[in-house]
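J.: The structure's right below; bear with me while I get my questions together.
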Amino acid sequence: KKLLLVDVDCGVDDAQAMMMALAAPEAEVLGITCCFGNTTVDHVCKNVLRVLQVCNRMEIPVFRGASNSLLAEVNPQFTHFGGDGLGDAEDPTSPGLEHLQKEDAVHALIRIVNQYEGQINLVALGPLTNLALAVKIDPSLPKKLNKLCIMGGNMEGRGNRTACAEFNFYLDPEAAYIVTNEFTCPTFIAALEFTQENCLTTEYFRNWVNQDTEKARFMKKITAKWPQKQFFVSYDSYAMAAAIEENIITEYVKCAVSVELHGRYARGMLVLDTEDKWKKEHKVFLMKKCNLDRFKERLWNSLL
Ligand code: BDR
Ligand code: CA
């Protein structure tokens with residue numbers, strides 16, 4: 001089985017990615033670590049518990065992590081996923097925070113990776129704060145991972161949070177810098193443009209959430225207030241799919257990367273060294289193309 005450890009800032013698309021993992025017969029989710037991002041870290045924890053409840057998987061341990069970025073320059077953002085990250089939908093049966101583990105996310109991450117040395121696929125779907133803290137405590141962490149899959153950053157200098165930066169990287173640029181430079185394990189990045197270029201249709205989305213299952217009703221409820229867009233982008237689900245099934249990504253760009261920290265406009269932008277100017281040994285795999293049929297199938301199955 002593929003052993004997964006998942007770090008989230010649980011908004012709607014993190015929930016979709018988690019449900020994809022929970023539905024994959026070949027994957028086992030060992031734990032979920034929470035980070036601020038789409039909403040406050042407490043809401044994130046609560047959202048993760050809600051997803052696990054809907055999927056009947058409350059036995060999976062959930063850990064509370066960073067409540068702000070390393071330099072605490074940004075506040076948790078209210079995104080198009082609503083103030084609570086899951087569309088501000090009514091949820092009278094939502095499990096309480098007493099279901100969280102006592103251990104914090106950063107130490108849990110270190111402990112679990114050491115316990116399953118060489119076997120873990122770490123999937124990072126929010127700001128990279130927990131991962132950055134973990135590698136500072138245990139610098140041997142990256143070489144003990146099987147691989148790291150990240151949703152974050154951009155490839156063409158075009159952002160969704162600012163003109164030049166993608167949301168996850170912008171919320172903690174220093175953490176993104178630390179992770180892209182110090183996690184020298186095989187690293188796969190689903191950057192913003194890749195997720196947008198491989199978006200699904202609103203028709204697929206409508207059929208998907210209108211299935212007659214409890215999970216589909218949950219997904220429909222948390223996306224009810226989504227503005228009707230032309231396309232459906234489940235940002236976080238691509239990094240998850242890559243962690244579960246390597247071949248689902250059919251084309252990569254391999255190069256060294258880093259993150260802009262001081263730009264007047266470009267703070268938080270992912271920088272690609274496509275011409276190998278830095279002569280840096282560690283190169284990452286930026287996803288370019290994916291097998292959309294397989295992706296759609298995995299997403300579809302996540303609500304059955
Ligand atoms: C990323 O930002 C967050 O709002 C989403 O959950 C996703 O991880 C997309 O830029
Ligand atoms: Ca996310």
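Here, A, B, ... name the chains of the structure tokens in the order displayed, residue numbers run from 1 inside each chain, and ligands are numbered from 1 in the same displayed order.
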Name all residues at most 9 Å from A:Met18 (count only C-alpha atoms; drop same-chain ones fewer than 6 positions away) and give them as a list in words.
T.: Val6, Val8, Val29, Val48, Val51, Leu52, Asp236, Ser237, Met240 and Ser302 of chain A
J.: Check every protein, DNA and RNA residue against ligand 2, keep those with an atom at most 7 Å away (counting only C-alpha atoms and all ligand atoms), and present them as a ChimeraX atom specification.
T.: /A:8-11,13-14,38,125-126,236
J.: Could the residues that lie within 10 Å of ligand 1, counting only C-alpha atoms and all ligand atoms, be listed as a PDB file with N, CA and C atoms, in the first residue's frame?
T.:
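Output file pocket.pdb follows:
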ATOM      1  N   VAL A   8      -2.846  19.683   5.410  1.00  0.00           N
ATOM      2  CA  VAL A   8      -3.915  20.446   4.745  1.00  0.00           C
ATOM      3  C   VAL A   8      -4.234  21.775   5.438  1.00  0.00           C
ATOM      4  N   ASP A   9      -4.843  22.675   4.661  1.00  0.00           N
ATOM      5  CA  ASP A   9      -5.463  23.880   5.238  1.00  0.00           C
ATOM      6  C   ASP A   9      -6.940  23.814   4.861  1.00  0.00           C
ATOM      7  N   CYS A  10      -7.531  22.717   5.226  1.00  0.00           N
ATOM      8  CA  CYS A  10      -8.802  22.199   4.697  1.00  0.00           C
ATOM      9  C   CYS A  10      -9.881  23.187   4.284  1.00  0.00           C
ATOM     10  N   GLY A  11      -9.798  23.560   3.010  1.00  0.00           N
ATOM     11  CA  GLY A  11     -10.892  24.212   2.310  1.00  0.00           C
ATOM     12  C   GLY A  11     -11.598  23.147   1.490  1.00  0.00           C
ATOM     13  N   VAL A  12     -12.471  23.582   0.601  1.00  0.00           N
ATOM     14  CA  VAL A  12     -13.259  22.639  -0.184  1.00  0.00           C
ATOM     15  C   VAL A  12     -12.381  21.705  -1.022  1.00  0.00           C
ATOM     16  N   ASP A  13     -11.348  22.256  -1.670  1.00  0.00           N
ATOM     17  CA  ASP A  13     -10.548  21.372  -2.540  1.00  0.00           C
ATOM     18  C   ASP A  13      -9.626  20.449  -1.756  1.00  0.00           C
ATOM     19  N   ASP A  14      -9.190  20.868  -0.562  1.00  0.00           N
ATOM     20  CA  ASP A  14      -8.454  19.942   0.309  1.00  0.00           C
ATOM     21  C   ASP A  14      -9.362  18.763   0.675  1.00  0.00           C
ATOM     22  N   ALA A  15     -10.629  19.093   0.959  1.00  0.00           N
ATOM     23  CA  ALA A  15     -11.596  18.039   1.300  1.00  0.00           C
ATOM     24  C   ALA A  15     -11.744  17.069   0.135  1.00  0.00           C
ATOM     25  N   GLN A  16     -11.793  17.608  -1.076  1.00  0.00           N
ATOM     26  CA  GLN A  16     -11.919  16.746  -2.264  1.00  0.00           C
ATOM     27  C   GLN A  16     -10.702  15.829  -2.396  1.00  0.00           C
ATOM     28  N   ALA A  17      -9.522  16.412  -2.172  1.00  0.00           N
ATOM     29  CA  ALA A  17      -8.283  15.621  -2.269  1.00  0.00           C
ATOM     30  C   ALA A  17      -8.248  14.531  -1.193  1.00  0.00           C
ATOM     31  N   GLY A  37      -4.653  28.658   6.768  1.00  0.00           N
ATOM     32  CA  GLY A  37      -4.579  28.904   5.319  1.00  0.00           C
ATOM     33  C   GLY A  37      -5.908  29.400   4.806  1.00  0.00           C
ATOM     34  N   ASN A  38      -6.706  28.471   4.274  1.00  0.00           N
ATOM     35  CA  ASN A  38      -8.029  28.856   3.786  1.00  0.00           C
ATOM     36  C   ASN A  38      -8.891  29.461   4.891  1.00  0.00           C
ATOM     37  N   THR A  39      -8.569  29.104   6.117  1.00  0.00           N
ATOM     38  CA  THR A  39      -9.293  29.601   7.284  1.00  0.00           C
ATOM     39  C   THR A  39      -8.375  29.422   8.497  1.00  0.00           C
ATOM     40  N   GLN A  77      -6.694  33.546   5.533  1.00  0.00           N
ATOM     41  CA  GLN A  77      -7.447  34.275   4.525  1.00  0.00           C
ATOM     42  C   GLN A  77      -8.843  33.729   4.372  1.00  0.00           C
ATOM     43  N   PHE A  78      -9.773  34.618   4.188  1.00  0.00           N
ATOM     44  CA  PHE A  78     -11.101  34.143   3.826  1.00  0.00           C
ATOM     45  C   PHE A  78     -11.126  34.015   2.315  1.00  0.00           C
ATOM     46  N   THR A  79     -11.236  32.809   1.864  1.00  0.00           N
ATOM     47  CA  THR A  79     -11.181  32.550   0.432  1.00  0.00           C
ATOM     48  C   THR A  79     -12.585  32.346  -0.098  1.00  0.00           C
ATOM     49  N   HIS A  80     -12.657  31.963  -1.355  1.00  0.00           N
ATOM     50  CA  HIS A  80     -13.979  31.696  -1.931  1.00  0.00           C
ATOM     51  C   HIS A  80     -14.602  30.438  -1.353  1.00  0.00           C
ATOM     52  N   PHE A  81     -13.917  29.792  -0.397  1.00  0.00           N
ATOM     53  CA  PHE A  81     -14.508  28.636   0.277  1.00  0.00           C
ATOM     54  C   PHE A  81     -15.295  29.050   1.516  1.00  0.00           C
ATOM     55  N   GLY A  85     -14.092  27.842   5.564  1.00  0.00           N
ATOM     56  CA  GLY A  85     -13.323  26.994   4.648  1.00  0.00           C
ATOM     57  C   GLY A  85     -14.160  25.967   3.901  1.00  0.00           C
ATOM     58  N   ALA A 124       1.392  17.831   0.564  1.00  0.00           N
ATOM     59  CA  ALA A 124       1.228  19.147   1.201  1.00  0.00           C
ATOM     60  C   ALA A 124       0.271  20.003   0.385  1.00  0.00           C
ATOM     61  N   LEU A 125      -0.860  20.357   0.991  1.00  0.00           N
ATOM     62  CA  LEU A 125      -1.936  21.020   0.248  1.00  0.00           C
ATOM     63  C   LEU A 125      -2.260  22.421   0.759  1.00  0.00           C
ATOM     64  N   GLY A 126      -1.458  22.935   1.665  1.00  0.00           N
ATOM     65  CA  GLY A 126      -1.691  24.279   2.196  1.00  0.00           C
ATOM     66  C   GLY A 126      -0.379  25.043   2.271  1.00  0.00           C
ATOM     67  N   PRO A 127      -0.335  26.136   3.033  1.00  0.00           N
ATOM     68  CA  PRO A 127       0.950  26.808   3.281  1.00  0.00           C
ATOM     69  C   PRO A 127       1.927  25.793   3.878  1.00  0.00           C
ATOM     70  N   ILE A 150       3.436  18.462  -3.691  1.00  0.00           N
ATOM     71  CA  ILE A 150       2.975  19.763  -3.220  1.00  0.00           C
ATOM     72  C   ILE A 150       1.959  20.360  -4.189  1.00  0.00           C
ATOM     73  N   MET A 151       0.866  20.941  -3.669  1.00  0.00           N
ATOM     74  CA  MET A 151       0.070  21.871  -4.468  1.00  0.00           C
ATOM     75  C   MET A 151       0.516  23.258  -4.049  1.00  0.00           C
ATOM     76  N   GLY A 152       1.085  24.003  -4.983  1.00  0.00           N
ATOM     77  CA  GLY A 152       1.488  25.357  -4.636  1.00  0.00           C
ATOM     78  C   GLY A 152       2.431  25.953  -5.658  1.00  0.00           C
ATOM     79  N   GLY A 153       2.547  27.256  -5.616  1.00  0.00           N
ATOM     80  CA  GLY A 153       3.449  27.958  -6.513  1.00  0.00           C
ATOM     81  C   GLY A 153       2.867  28.114  -7.903  1.00  0.00           C
ATOM     82  N   ASN A 154       3.631  28.775  -8.742  1.00  0.00           N
ATOM     83  CA  ASN A 154       3.184  29.008 -10.119  1.00  0.00           C
ATOM     84  C   ASN A 154       4.381  28.889 -11.043  1.00  0.00           C
ATOM     85  N   GLY A 159      -0.309  34.869 -10.573  1.00  0.00           N
ATOM     86  CA  GLY A 159      -0.810  34.334  -9.311  1.00  0.00           C
ATOM     87  C   GLY A 159      -2.309  34.348  -9.180  1.00  0.00           C
ATOM     88  N   ASN A 160      -2.800  33.737  -8.094  1.00  0.00           N
ATOM     89  CA  ASN A 160      -4.220  33.859  -7.771  1.00  0.00           C
ATOM     90  C   ASN A 160      -4.435  34.636  -6.471  1.00  0.00           C
ATOM     91  N   ARG A 161      -3.400  34.703  -5.616  1.00  0.00           N
ATOM     92  CA  ARG A 161      -3.530  35.481  -4.388  1.00  0.00           C
ATOM     93  C   ARG A 161      -3.058  36.920  -4.592  1.00  0.00           C
ATOM     94  N   ALA A 165       1.778  35.733  -7.212  1.00  0.00           N
ATOM     95  CA  ALA A 165       1.966  34.594  -6.305  1.00  0.00           C
ATOM     96  C   ALA A 165       0.694  33.769  -6.113  1.00  0.00           C
ATOM     97  N   GLU A 166       0.932  32.478  -6.021  1.00  0.00           N
ATOM     98  CA  GLU A 166      -0.148  31.523  -5.736  1.00  0.00           C
ATOM     99  C   GLU A 166      -0.442  31.555  -4.231  1.00  0.00           C
ATOM    100  N   PHE A 167      -1.661  31.246  -3.870  1.00  0.00           N
ATOM    101  CA  PHE A 167      -2.158  31.354  -2.498  1.00  0.00           C
ATOM    102  C   PHE A 167      -1.278  30.647  -1.445  1.00  0.00           C
ATOM    103  N   ASN A 168      -1.039  29.348  -1.601  1.00  0.00           N
ATOM    104  CA  ASN A 168      -0.309  28.599  -0.564  1.00  0.00           C
ATOM    105  C   ASN A 168       1.098  29.143  -0.347  1.00  0.00           C
ATOM    106  N   PHE A 169       1.790  29.481  -1.443  1.00  0.00           N
ATOM    107  CA  PHE A 169       3.155  29.985  -1.312  1.00  0.00           C
ATOM    108  C   PHE A 169       3.145  31.403  -0.749  1.00  0.00           C
ATOM    109  N   TYR A 170       2.150  32.191  -1.147  1.00  0.00           N
ATOM    110  CA  TYR A 170       2.092  33.570  -0.668  1.00  0.00           C
ATOM    111  C   TYR A 170       1.809  33.637   0.827  1.00  0.00           C
ATOM    112  N   LEU A 171       1.010  32.701   1.314  1.00  0.00           N
ATOM    113  CA  LEU A 171       0.665  32.769   2.736  1.00  0.00           C
ATOM    114  C   LEU A 171       1.857  32.503   3.646  1.00  0.00           C
ATOM    115  N   ALA A 190       2.419  20.400  -8.130  1.00  0.00           N
ATOM    116  CA  ALA A 190       1.266  20.760  -8.973  1.00  0.00           C
ATOM    117  C   ALA A 190       1.090  22.262  -8.795  1.00  0.00           C
ATOM    118  N   ALA A 191       1.665  23.029  -9.707  1.00  0.00           N
ATOM    119  CA  ALA A 191       1.585  24.484  -9.614  1.00  0.00           C
ATOM    120  C   ALA A 191       0.248  24.967 -10.183  1.00  0.00           C
ATOM    121  N   LEU A 192      -0.068  26.212  -9.867  1.00  0.00           N
ATOM    122  CA  LEU A 192      -1.365  26.793 -10.221  1.00  0.00           C
ATOM    123  C   LEU A 192      -1.771  26.583 -11.687  1.00  0.00           C
ATOM    124  N   GLU A 193      -0.872  26.928 -12.617  1.00  0.00           N
ATOM    125  CA  GLU A 193      -1.238  26.850 -14.038  1.00  0.00           C
ATOM    126  C   GLU A 193      -1.561  25.426 -14.462  1.00  0.00           C
ATOM    127  N   THR A 195      -2.843  23.061 -12.616  1.00  0.00           N
ATOM    128  CA  THR A 195      -4.180  22.662 -12.143  1.00  0.00           C
ATOM    129  C   THR A 195      -5.253  23.323 -13.001  1.00  0.00           C
ATOM    130  N   GLN A 196      -5.019  24.569 -13.380  1.00  0.00           N
ATOM    131  CA  GLN A 196      -6.022  25.278 -14.188  1.00  0.00           C
ATOM    132  C   GLN A 196      -6.113  24.707 -15.602  1.00  0.00           C
ATOM    133  N   VAL A 233     -12.004  23.635 -10.947  1.00  0.00           N
ATOM    134  CA  VAL A 233     -10.607  23.329 -10.643  1.00  0.00           C
ATOM    135  C   VAL A 233     -10.511  22.797  -9.218  1.00  0.00           C
ATOM    136  N   SER A 234     -10.198  21.535  -9.094  1.00  0.00           N
ATOM    137  CA  SER A 234      -9.987  20.947  -7.772  1.00  0.00           C
ATOM    138  C   SER A 234      -8.471  20.970  -7.508  1.00  0.00           C
ATOM    139  N   TYR A 235      -7.976  22.170  -7.201  1.00  0.00           N
ATOM    140  CA  TYR A 235      -6.524  22.426  -7.114  1.00  0.00           C
ATOM    141  C   TYR A 235      -5.741  21.310  -6.410  1.00  0.00           C
ATOM    142  N   ASP A 236      -6.173  20.997  -5.186  1.00  0.00           N
ATOM    143  CA  ASP A 236      -5.370  20.100  -4.353  1.00  0.00           C
ATOM    144  C   ASP A 236      -5.415  18.637  -4.789  1.00  0.00           C
ATOM    145  N   SER A 237      -6.393  18.295  -5.603  1.00  0.00           N
ATOM    146  CA  SER A 237      -6.567  16.875  -5.936  1.00  0.00           C
ATOM    147  C   SER A 237      -5.482  16.334  -6.875  1.00  0.00           C
ATOM    148  N   ALA A 239      -2.123  16.996  -6.790  1.00  0.00           N
ATOM    149  CA  ALA A 239      -0.966  16.569  -5.989  1.00  0.00           C
ATOM    150  C   ALA A 239      -1.289  15.257  -5.281  1.00  0.00           C
TER     151      ALA A 239
END
J.: Apply DSSP to the backbone of this structure and, from stretch 2-55 of chain A, keep only the residues in alpha helix (DSSP H); write these as a ChimeraX atom specification.
T.: /A:12-23,41-54
J.: What would the file look like if the residues just selected were written as an mmCIF file, in the first residue's frame with N, CA and C atoms?
T.:
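Result file is out37.cif:
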data_model
loop_
_atom_site.group_PDB
_atom_site.id
_atom_site.type_symbol
_atom_site.label_atom_id
_atom_site.label_comp_id
_atom_site.auth_asym_id
_atom_site.auth_seq_id
_atom_site.Cartn_x
_atom_site.Cartn_y
_atom_site.Cartn_z
ATOM 1 N N VAL A 12 -12.471 23.582 0.601
ATOM 2 C CA VAL A 12 -13.259 22.639 -0.184
ATOM 3 C C VAL A 12 -12.381 21.705 -1.022
ATOM 4 N N ASP A 13 -11.348 22.256 -1.670
ATOM 5 C CA ASP A 13 -10.548 21.372 -2.540
ATOM 6 C C ASP A 13 -9.626 20.449 -1.756
ATOM 7 N N ASP A 14 -9.190 20.868 -0.562
ATOM 8 C CA ASP A 14 -8.454 19.942 0.309
ATOM 9 C C ASP A 14 -9.362 18.763 0.675
ATOM 10 N N ALA A 15 -10.629 19.093 0.959
ATOM 11 C CA ALA A 15 -11.596 18.039 1.300
ATOM 12 C C ALA A 15 -11.744 17.069 0.135
ATOM 13 N N GLN A 16 -11.793 17.608 -1.076
ATOM 14 C CA GLN A 16 -11.919 16.746 -2.264
ATOM 15 C C GLN A 16 -10.702 15.829 -2.396
ATOM 16 N N ALA A 17 -9.522 16.412 -2.172
ATOM 17 C CA ALA A 17 -8.283 15.621 -2.269
ATOM 18 C C ALA A 17 -8.248 14.531 -1.193
ATOM 19 N N MET A 18 -8.634 14.894 0.035
ATOM 20 C CA MET A 18 -8.657 13.898 1.109
ATOM 21 C C MET A 18 -9.623 12.766 0.786
ATOM 22 N N MET A 19 -10.775 13.117 0.249
ATOM 23 C CA MET A 19 -11.767 12.081 -0.065
ATOM 24 C C MET A 19 -11.276 11.179 -1.180
ATOM 25 N N MET A 20 -10.482 11.743 -2.084
ATOM 26 C CA MET A 20 -9.878 10.923 -3.135
ATOM 27 C C MET A 20 -8.944 9.881 -2.515
ATOM 28 N N ALA A 21 -8.137 10.325 -1.550
ATOM 29 C CA ALA A 21 -7.193 9.402 -0.900
ATOM 30 C C ALA A 21 -7.933 8.332 -0.096
ATOM 31 N N LEU A 22 -8.984 8.752 0.595
ATOM 32 C CA LEU A 22 -9.709 7.805 1.443
ATOM 33 C C LEU A 22 -10.438 6.753 0.609
ATOM 34 N N ALA A 23 -10.753 7.114 -0.647
ATOM 35 C CA ALA A 23 -11.470 6.175 -1.511
ATOM 36 C C ALA A 23 -10.529 5.283 -2.317
ATOM 37 N N VAL A 41 -6.639 27.779 11.835
ATOM 38 C CA VAL A 41 -6.238 26.379 12.015
ATOM 39 C C VAL A 41 -7.306 25.590 12.772
ATOM 40 N N ASP A 42 -8.040 26.235 13.666
ATOM 41 C CA ASP A 42 -9.107 25.506 14.374
ATOM 42 C C ASP A 42 -10.228 25.083 13.426
ATOM 43 N N HIS A 43 -10.598 25.981 12.533
ATOM 44 C CA HIS A 43 -11.599 25.608 11.522
ATOM 45 C C HIS A 43 -11.063 24.494 10.636
ATOM 46 N N VAL A 44 -9.782 24.589 10.296
ATOM 47 C CA VAL A 44 -9.172 23.553 9.456
ATOM 48 C C VAL A 44 -9.300 22.192 10.144
ATOM 49 N N CYS A 45 -8.961 22.144 11.440
ATOM 50 C CA CYS A 45 -9.061 20.877 12.199
ATOM 51 C C CYS A 45 -10.491 20.356 12.171
ATOM 52 N N LYS A 46 -11.401 21.235 12.411
ATOM 53 C CA LYS A 46 -12.816 20.863 12.438
ATOM 54 C C LYS A 46 -13.267 20.326 11.075
ATOM 55 N N ASN A 47 -12.818 21.001 10.019
ATOM 56 C CA ASN A 47 -13.190 20.580 8.665
ATOM 57 C C ASN A 47 -12.662 19.182 8.348
ATOM 58 N N VAL A 48 -11.427 18.933 8.770
ATOM 59 C CA VAL A 48 -10.839 17.612 8.528
ATOM 60 C C VAL A 48 -11.664 16.544 9.252
ATOM 61 N N LEU A 49 -12.045 16.832 10.482
ATOM 62 C CA LEU A 49 -12.858 15.871 11.238
ATOM 63 C C LEU A 49 -14.214 15.645 10.559
ATOM 64 N N ARG A 50 -14.770 16.707 9.999
ATOM 65 C CA ARG A 50 -16.048 16.562 9.289
ATOM 66 C C ARG A 50 -15.899 15.641 8.089
ATOM 67 N N VAL A 51 -14.814 15.824 7.350
ATOM 68 C CA VAL A 51 -14.581 14.975 6.173
ATOM 69 C C VAL A 51 -14.410 13.517 6.612
ATOM 70 N N LEU A 52 -13.641 13.312 7.671
ATOM 71 C CA LEU A 52 -13.426 11.934 8.139
ATOM 72 C C LEU A 52 -14.736 11.309 8.614
ATOM 73 N N GLN A 53 -15.578 12.126 9.225
ATOM 74 C CA GLN A 53 -16.865 11.618 9.701
ATOM 75 C C GLN A 53 -17.733 11.161 8.512
ATOM 76 N N VAL A 54 -17.813 12.010 7.489
ATOM 77 C CA VAL A 54 -18.615 11.651 6.314
ATOM 78 C C VAL A 54 -18.093 10.369 5.670
#
J.: Measuring between only C-alpha atoms, which one of A:Tyr238, A:Asn146, A:Leu304, A:Gly118 shows the shortest distance to A:Asn210?
T.: A:Leu304
J.: Using only C-alpha atoms, which residue out of A:Asn301, A:Asn247, A:Glu214, A:Asp172 lies closest to A:Glu260?
T.: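 With only C-alpha atoms as the atom set, the closest residue is A:Asp172.
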J.: Go ahead and compute the interatomic distance for atom CA of A:Leu261 and atom CA of A:Asp84, in Å to one decimal.
T.: 28.6 Å
J.: Pick out the residues sitting within 12 Å of A:Tyr204, and hand them over as a compact mmCIF listing (two decimals) with C-alpha atoms, in the first residue's frame; count only C-alpha atoms, and ignore anything fewer than 6 positions along from it in its own chain.
T.:
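The resulting file, part.txt, is reproduced below:
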# COMPACT_ATOMS: atom_id res chain seq x y z
CA ASN A 210 -25.72 15.12 -7.79
CA GLN A 211 -25.04 11.45 -7.17
CA GLN A 230 -17.03 28.14 -16.32
CA PHE A 231 -14.59 25.54 -15.09
CA PHE A 232 -14.13 23.31 -12.08
CA VAL A 233 -10.61 23.33 -10.64
CA SER A 234 -9.99 20.95 -7.77
CA ASP A 293 -9.55 10.24 -17.64
CA LYS A 296 -11.76 12.09 -13.35
CA GLU A 297 -12.33 8.47 -12.43
CA LEU A 299 -12.41 11.99 -8.27
CA TRP A 300 -15.69 10.39 -9.27
J.: From the set A:Ile244, A:Leu292, A:Leu272, A:Val106, which residue has the shortest atom-to-atom contact distance to A:Ile137, counting only C-alpha atoms?
T.: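 So, comparing all the options, the nearest one is A:Val106.
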J.: Could I get the residues of stretch 90-156 of chain A with an atom no further than 12 Å from an atom of stretch 218-221 of chain A, each paired with its nearest atom pair and that distance in Å to one decimal, using only C-alpha atoms, sorted by chain and residue number, as a Markdown table?
T.:
| residue | atom | partner | partner_atom | distance |
| --- | --- | --- | --- | --- |
| A:Glu90 | CA | A:Lys221 | CA | 8.5 |
| A:Asp91 | CA | A:Lys221 | CA | 9.6 |
| A:Ser94 | CA | A:Phe218 | CA | 11.8 |
J.: Show me, as a list in words, the residues that have an atom within 12 Å of A:Pro139 when counting only C-alpha atoms, minus same-chain residues fewer than 5 positions from it.
T.: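 Surrounding residues, per the criterion: Ile110, Asn114, Leu131, Ala132, Leu133, Ala134, Lys144, Leu145, Ile178, Val179, Asn181, Glu182, Phe183, Thr184 and Cys185 of chain A.
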J.: Output N, CA and C atoms of each residue in that selection to a file, as a tab-separated table (two decimals), in the first residue's frame.
T.:
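The new file selection38.tsv reads:
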chain	number	residue	atom	x	y	z
A	110	ILE	N	7.23	14.39	12.18
A	110	ILE	CA	8.57	13.85	12.38
A	110	ILE	C	8.50	12.40	12.88
A	114	ASN	N	9.73	9.05	10.67
A	114	ASN	CA	10.80	8.21	11.21
A	114	ASN	C	10.36	6.77	11.42
A	131	LEU	N	5.73	21.86	7.46
A	131	LEU	CA	6.86	21.13	6.87
A	131	LEU	C	8.17	21.87	7.15
A	132	ALA	N	8.13	23.20	7.07
A	132	ALA	CA	9.34	23.99	7.31
A	132	ALA	C	9.78	23.84	8.77
A	133	LEU	N	8.83	23.88	9.69
A	133	LEU	CA	9.17	23.71	11.10
A	133	LEU	C	9.74	22.31	11.34
A	134	ALA	N	9.15	21.32	10.70
A	134	ALA	CA	9.60	19.94	10.91
A	134	ALA	C	11.03	19.73	10.43
A	144	LYS	N	14.28	10.67	4.49
A	144	LYS	CA	13.50	9.53	4.98
A	144	LYS	C	12.14	9.40	4.31
A	145	LEU	N	11.85	10.35	3.39
A	145	LEU	CA	10.57	10.29	2.68
A	145	LEU	C	10.71	9.51	1.39
A	178	ILE	N	12.03	27.46	2.44
A	178	ILE	CA	12.72	26.41	3.20
A	178	ILE	C	12.41	25.03	2.61
A	179	VAL	N	11.15	24.79	2.32
A	179	VAL	CA	10.76	23.46	1.83
A	179	VAL	C	11.34	23.20	0.44
A	181	ASN	N	13.95	24.37	-0.84
A	181	ASN	CA	15.41	24.28	-0.80
A	181	ASN	C	15.94	23.14	0.07
A	182	GLU	N	15.22	22.76	1.09
A	182	GLU	CA	15.75	21.77	2.03
A	182	GLU	C	15.14	20.38	1.91
A	183	PHE	N	13.99	20.27	1.28
A	183	PHE	CA	13.42	18.93	1.06
A	183	PHE	C	14.03	18.38	-0.23
A	184	THR	N	15.16	17.75	-0.09
A	184	THR	CA	15.88	17.29	-1.27
A	184	THR	C	15.45	15.87	-1.69
A	185	CYS	N	14.32	15.45	-1.24
A	185	CYS	CA	13.75	14.16	-1.67
A	185	CYS	C	13.10	14.36	-3.04
J.: I need the residue nearest A:Pro227 from this list: A:Leu148, A:Thr202, A:Lys283, A:Ala66. Use only C-alpha atoms for the distance.
T.: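 Going through A:Leu148, A:Thr202, A:Lys283, A:Ala66 one by one, the smallest distance to A:Pro227 is for A:Thr202.
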J.: Within 7 Å of A:Ala27, counting only C-alpha atoms, which residues show up once you throw out same-chain ones fewer than 3 positions away? Write them as JSON, numbers by chain, please.
T.: {"A": [1, 2, 3, 4, 21, 24, 244]}
J.: Write the residues you've just listed into a file as a PDB file, in the first residue's frame, and include N, CA and C atoms for each of them.
T.:
ATOM      1  N   LYS A   1       0.823  -1.223   0.000  1.00  0.00           N
ATOM      2  CA  LYS A   1       0.000   0.000   0.000  1.00  0.00           C
ATOM      3  C   LYS A   1       0.852   1.267   0.000  1.00  0.00           C
ATOM      4  N   LYS A   2       0.349   2.313  -0.624  1.00  0.00           N
ATOM      5  CA  LYS A   2       1.010   3.625  -0.581  1.00  0.00           C
ATOM      6  C   LYS A   2       0.685   4.266   0.762  1.00  0.00           C
ATOM      7  N   LEU A   3       1.704   4.589   1.533  1.00  0.00           N
ATOM      8  CA  LEU A   3       1.454   5.205   2.836  1.00  0.00           C
ATOM      9  C   LEU A   3       1.483   6.724   2.689  1.00  0.00           C
ATOM     10  N   LEU A   4       0.377   7.362   3.037  1.00  0.00           N
ATOM     11  CA  LEU A   4       0.262   8.805   2.851  1.00  0.00           C
ATOM     12  C   LEU A   4       0.186   9.531   4.183  1.00  0.00           C
ATOM     13  N   ALA A  21      -8.137  10.325  -1.550  1.00  0.00           N
ATOM     14  CA  ALA A  21      -7.193   9.402  -0.900  1.00  0.00           C
ATOM     15  C   ALA A  21      -7.933   8.332  -0.096  1.00  0.00           C
ATOM     16  N   ALA A  24      -9.236   5.584  -2.296  1.00  0.00           N
ATOM     17  CA  ALA A  24      -8.288   4.832  -3.132  1.00  0.00           C
ATOM     18  C   ALA A  24      -7.902   3.528  -2.440  1.00  0.00           C
ATOM     19  N   ILE A 244      -0.774   9.104  -5.094  1.00  0.00           N
ATOM     20  CA  ILE A 244      -1.404   7.782  -5.074  1.00  0.00           C
ATOM     21  C   ILE A 244      -0.966   6.961  -6.284  1.00  0.00           C
TER      22      ILE A 244
END
J.: Atom CA of A:Phe188 and atom CA of A:Met287 are how many Å apart?
T.: 6.9 Å
J.: Looking at only C-alpha atoms, which of A:Phe36, A:Arg217, A:Gln115, A:His107 is the one that sits closest to A:Thr129?
T.: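 Using only C-alpha atoms, the shortest distance to A:Thr129 belongs to A:Phe36.
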J.: Using only C-alpha atoms, find the one residue out of A:Leu70, A:Leu86, A:Phe295, A:Cys55 that sits nearest to A:Thr40.
T.: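 Going through A:Leu70, A:Leu86, A:Phe295, A:Cys55 one by one, the smallest distance to A:Thr40 is for A:Leu86.
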